[in-house]
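S.K.: Submitted below is the structure of interest, expressed as structure tokens.
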Amino acid sequence: VTSFVPRHDGVKLVRVRVTNAGSAPRELTLTHYVEWVLGVLRQETARFVVTERDPATGALFAMNPWNGEFSARVAFAAALPLDGARTLDFTADRASFLGPLGDPTRPAAVLAGAPLDGATGAGFDPCAATRVALHLGPGGTAECVFLLGQAPGRDAARALLRRYQDAAAVEGALEGIQSFWRGLLGRLQVRTPMPQVDLMVNGWLGYQNLCCRMWGRSAFYQSGGAYGFRDQLQDAAALGYLDPAIPRRQIILHASHQFAEGDVLHWWHPPLSKGIRTRFSDDLLWLPYVTAGYVRQTGDHSVLDEDARFLTARHLAEGEDEAFLMPGESGDSATVYDHCCRALDRSLTRGAHGIPLMGTGDWNDGMNRVGREGRGESVWLGFFLYQILEGFLPLVEARGEDQRAGRYREFRRELGTALNTAGWDGDWYRRAWYDNGAPLGSKDSDECRIDAIAQAWAVLSGAAPPERAQRALDSLEQHLVSEREGIIRLLTPAFDRTPNDPGYIKGYLPGVRENGGQYTHGALWAVRALAEAGRTERAAQLLGMLCPIHHTRSPGDVRTYQVEPYVIAADVYGVAPHLGRGGWTWYTGSAGWMSRVALESILGLSLLEGKVLALRPCIPAAWPGFSLKYRVPGGDAVYELSVEQRAPRPASTRGTMDGQLLEVAEGAVWIPLAEGRGTRRVTIVLGQDVGPAYRQRL
């Protein structure tokens, strides 16, 4: 069985080949079965679905005329018999196919061997069941392709069905999609002493990110399809090494989903941009964060001048946390740069402690009632904003906006002071304050006494003085890293009985998802912080621990983990009796962040201005080295990097490309990218670690 989706067509192809290894002829039947949803939940939409058999192609069509903007679309299921196969019969009536008890593991029609009744129309519990007969002589092979797809209308559906009407077309589509994935994911390949990391970085992470997060935006646990403002911006940023056009498109798309007031749609569904307006405090800030990072990486300043619309919709009423609505176009537009500035200007808030207001949630959606009354403050948001202002200021200064630059710089200075006075709890940084003034993420808190992302971003932002950064990381490791269970908890202890109301996070069982389990997205930020603070041994060890393969090394591990070993899980449960069980897989921004942490924080790779690869590895002393192969997007030049770590280390790092010495500054090797074809071989011998100062230069 080979299952795939062609590169540009909305149809899933399942090719089945059956070979008779015996000496006697065989007659088999093969039945393809799907249940139509054509909406969100089948139990809500089934009664509206109408089916028909298309006489031109023999396919079963399904439509839901009550499905809003999708009401004209046609879904289809069909069988394409090839060698040794022929279509027998079909039904669109789920009840007649499954039988009275409706068990898909024992369909009544299959067990009885009776012909399918050919029912189509309205009023059925809808399905599409198509049965094919296979004739197999001794040593013979029969083949059939099943198609499942959707199109704007009947004619478009027929065109898709005819496009894949023979084996050659199916084989060509398969070769095309395999070539696409090899070409894209093969642009960056690594080989390290951690094969579990290599396996993820060299394909699975990029595949999960682009296929599920960027394109499908749906998975087993979330049948969604929406864009999240913060979500797909982060996902796209991680794909810049493979194709910088991806983050560029995403930046412009998200800018066009900002309201004129500067806030944004928390998420929205295409094509009409139906979504929710909220009081979340961090969503809008991901636009300047990702935009500044994209410009630094590619040197493409033209994205700042791209024009993007503003949306308009009713304002949230007093006491209203969010509203699902369909916004309109305001009739006004501005450059992406202006959209970023509008987001920053709206975010320069202060509470009683001088820390930005949290609103109805920051990155942690589950803390949606910490600051809903307008007084709660978020320490994590303060660190995040502190870093964004540093990264965006050069773009402001380059445009000669001295007054704005001065305002941003002064706010950042005062914010840094507040974070290190009110934000510091003695051994780690607090997470937030409730509207009532009670601290969150403090030794004085009854629950959630320490939170991982506040400690991580204290380091990543550069706001924490070196001594405090190390103490915060010590506390993170002591309280949140559990090697025995192979997890890094987001916070501890979990919310359970506190009289304070942090939000819906408290509705999760202790240890599940954000509530004291491993939320892998935040755990990866912790690993990134450890690496950038110079704790190279620990960072690499914990990155390997976060790989899903680590949770499936034995049959016992598999029974505990219970989810796929080749894609990242958004969460791993952190409290008995579910300790170590994997949660939400596929649809998680952790895929993009794991690739960035591995490449940038451990292997030390940075792409600068689209012109230079800077490499300053932060690898364990025990590693003999690693290799990295990179084919520059849009060109044919390939850079093969071989990194050697000798013991003891030489006095300084040295690098050559095709025998020519490379510039080394503050421990980083600077590799100029040239146009043209060919392979360039780079050899690097690591010298002494001169500290993290090069990060400021990057």
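Chains: A, B, ... in order of the structure tokens. Residues: from 1 per chain. Ligands: from 1, in order shown.
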Please provide the set of residues having any atom within 12 Å of A:Ser71, restricted to only C-alpha atoms, with same-chain residues fewer than 4 positions apart removed, written as a PyMOL selection string.

M.R.: chain A and resi 38-39+45+48-50+62-67+75+150-153

S.K.: What lies within 9 Å of stretch 307-319 of chain A using only C-alpha atoms, ignoring chain neighbours under 6 positions off, as JSON, numbers by chain?

M.R.: {"A": [252, 253, 254, 255, 256, 257, 258, 259, 260, 261, 262, 264, 277, 278, 279, 325, 326, 327, 328, 329, 330, 331, 332, 333, 334, 335, 336, 339, 372, 373]}

S.K.: As a ChimeraX atom specification, list the residues of stretch 397-516 of chain A assigned to strand (DSSP E or B) by DSSP on the backbone atoms of this structure.

M.R.: /A:424,429,432-433,439-440,450-451,481-482,487-488,491-492,512,515

S.K.: Set the distance at 8 Å and use only C-alpha atoms: which residues neighbour stretch 561-568 of chain A once local chain neighbours fewer than 3 positions away are removed? I'd like the list as a PyMOL selection string.

M.R.: chain A and resi 200+204-205+208+547-549+551-552+557-558+580-583+585-586+588+590-591

S.K.: Excluding A:Leu82 and any residue of its chain fewer than 2 positions from it, enumerate the residues within 6 Å of it, using only C-alpha atoms, and give them as a short mmCIF file (atom, residue, chain, number, x, y, z; two decimals) with C-alpha atoms, in the first residue's frame.

M.R.:
```cif
data_model
loop_
_atom_site.label_atom_id
_atom_site.label_comp_id
_atom_site.auth_asym_id
_atom_site.auth_seq_id
_atom_site.Cartn_x
_atom_site.Cartn_y
_atom_site.Cartn_z
CA ALA A 85 -8.94 -5.66 -10.97
CA GLU A 143 -3.41 -3.37 -8.67
CA CYS A 144 -6.01 -0.76 -7.79
#
```

S.K.: Atom CA of A:His550 to atom CA of A:Gly228: how many Å, to one decimal?

M.R.: 29.5 Å

S.K.: Produce a table with one row for each residue of stretch 154-177 of chain A that has an atom at most 9 Å from any atom of stretch 2-26 of chain A, each row naming the nearest atom pair and its distance in Å at one decimal; use only C-alpha atoms; arrange rows by chain and rising residue number; format as a Markdown table.

M.R.:
```
| residue | atom | partner | partner_atom | distance |
| --- | --- | --- | --- | --- |
| A:Leu160 | CA | A:Asp9 | CA | 7.6 |
| A:Leu161 | CA | A:Val11 | CA | 8.8 |
| A:Tyr164 | CA | A:Leu13 | CA | 8.9 |
| A:Val170 | CA | A:Leu13 | CA | 7.9 |
| A:Ala173 | CA | A:Pro6 | CA | 5.5 |
| A:Leu174 | CA | A:Pro6 | CA | 6.7 |
| A:Gly176 | CA | A:Arg7 | CA | 7.0 |
| A:Ile177 | CA | A:Arg7 | CA | 5.4 |
```

S.K.: Pick from A:Asp231, A:Asp571, A:Asp125, A:Glu447: nearest to A:Trp584, with only C-alpha atoms counted?

M.R.: A:Asp571

S.K.: List every residue of stretch 85-179 of chain A that DSSP, applied to the backbone of this structure, places in helix (DSSP H, G or I), and write the result as a PyMOL selection string.

M.R.: chain A and resi 94-98+108-112+154-163+167-179

S.K.: Rounded to one decimal place, report the atom CA of A:Thr192-atom CA of A:Gln232 distance in Å.

M.R.: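 Value for the atom CA of A:Thr192-atom CA of A:Gln232 distance: 28.8 Å.
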
S.K.: Within 10 Å of A:Ile246, counting only C-alpha atoms, which residues qualify if same-chain residues fewer than 2 places away don't, as an mmCIF file with C-alpha atoms, in the first residue's frame?

M.R.:
```cif
data_model
loop_
_atom_site.group_PDB
_atom_site.id
_atom_site.type_symbol
_atom_site.label_atom_id
_atom_site.label_comp_id
_atom_site.auth_asym_id
_atom_site.auth_seq_id
_atom_site.Cartn_x
_atom_site.Cartn_y
_atom_site.Cartn_z
ATOM 1 C CA LEU A 210 5.514 22.171 6.382
ATOM 2 C CA MET A 214 1.793 25.099 7.338
ATOM 3 C CA LEU A 233 4.711 32.760 11.943
ATOM 4 C CA ASP A 235 6.629 27.644 11.969
ATOM 5 C CA ALA A 236 7.552 29.641 8.873
ATOM 6 C CA ALA A 237 10.601 31.161 10.573
ATOM 7 C CA ALA A 238 12.033 27.676 11.071
ATOM 8 C CA LEU A 239 11.736 26.933 7.337
ATOM 9 C CA GLY A 240 13.838 29.882 6.209
ATOM 10 C CA TYR A 241 16.929 27.710 5.795
ATOM 11 C CA LEU A 242 15.062 25.512 3.315
ATOM 12 C CA ASP A 243 13.056 28.150 1.450
ATOM 13 C CA PRO A 244 13.094 31.824 2.515
ATOM 14 C CA ARG A 248 8.275 36.027 3.525
ATOM 15 C CA ARG A 249 4.808 35.004 2.345
ATOM 16 C CA GLN A 250 3.725 34.273 5.890
ATOM 17 C CA ILE A 251 4.829 37.658 7.196
#
```

S.K.: Show me, as a list in words, the residues that have an atom within 9 Å of A:Gln387 when counting only C-alpha atoms, minus same-chain residues fewer than 2 positions from it.

M.R.: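 After dropping sequence-adjacent residues, the list is Tyr289, Gly382, Phe383, Phe384, Leu385, Leu389, Glu390, Gly391, Phe392, Arg412, Trp457, Leu460, Ser461, Gly462 and Ala463 of chain A.
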
S.K.: Leaving out A:Leu509 and any residue of its chain fewer than 6 positions from it, which residues lie within 10 Å of it when counting only C-alpha atoms, given as a list of chain:residue names?

M.R.: A:Ala494, A:Phe495, A:Asp496, A:Asn515, A:Gly516, A:Gly517, A:Tyr573, A:Val575

S.K.: Record the distance separating atom CA of A:Pro439 and atom CA of A:Ile355, expressed in Å with one decimal.

M.R.: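 Computing the Euclidean distance for atom CA of A:Pro439 and atom CA of A:Ile355 yields 12.5 Å.
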
S.K.: Taking only C-alpha atoms into account, which of A:Ala219, A:Met367, A:Ala598, A:Ile276 comes nearest A:Tyr508?

M.R.: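 Distance minimum relative to A:Tyr508 lands on A:Met367.
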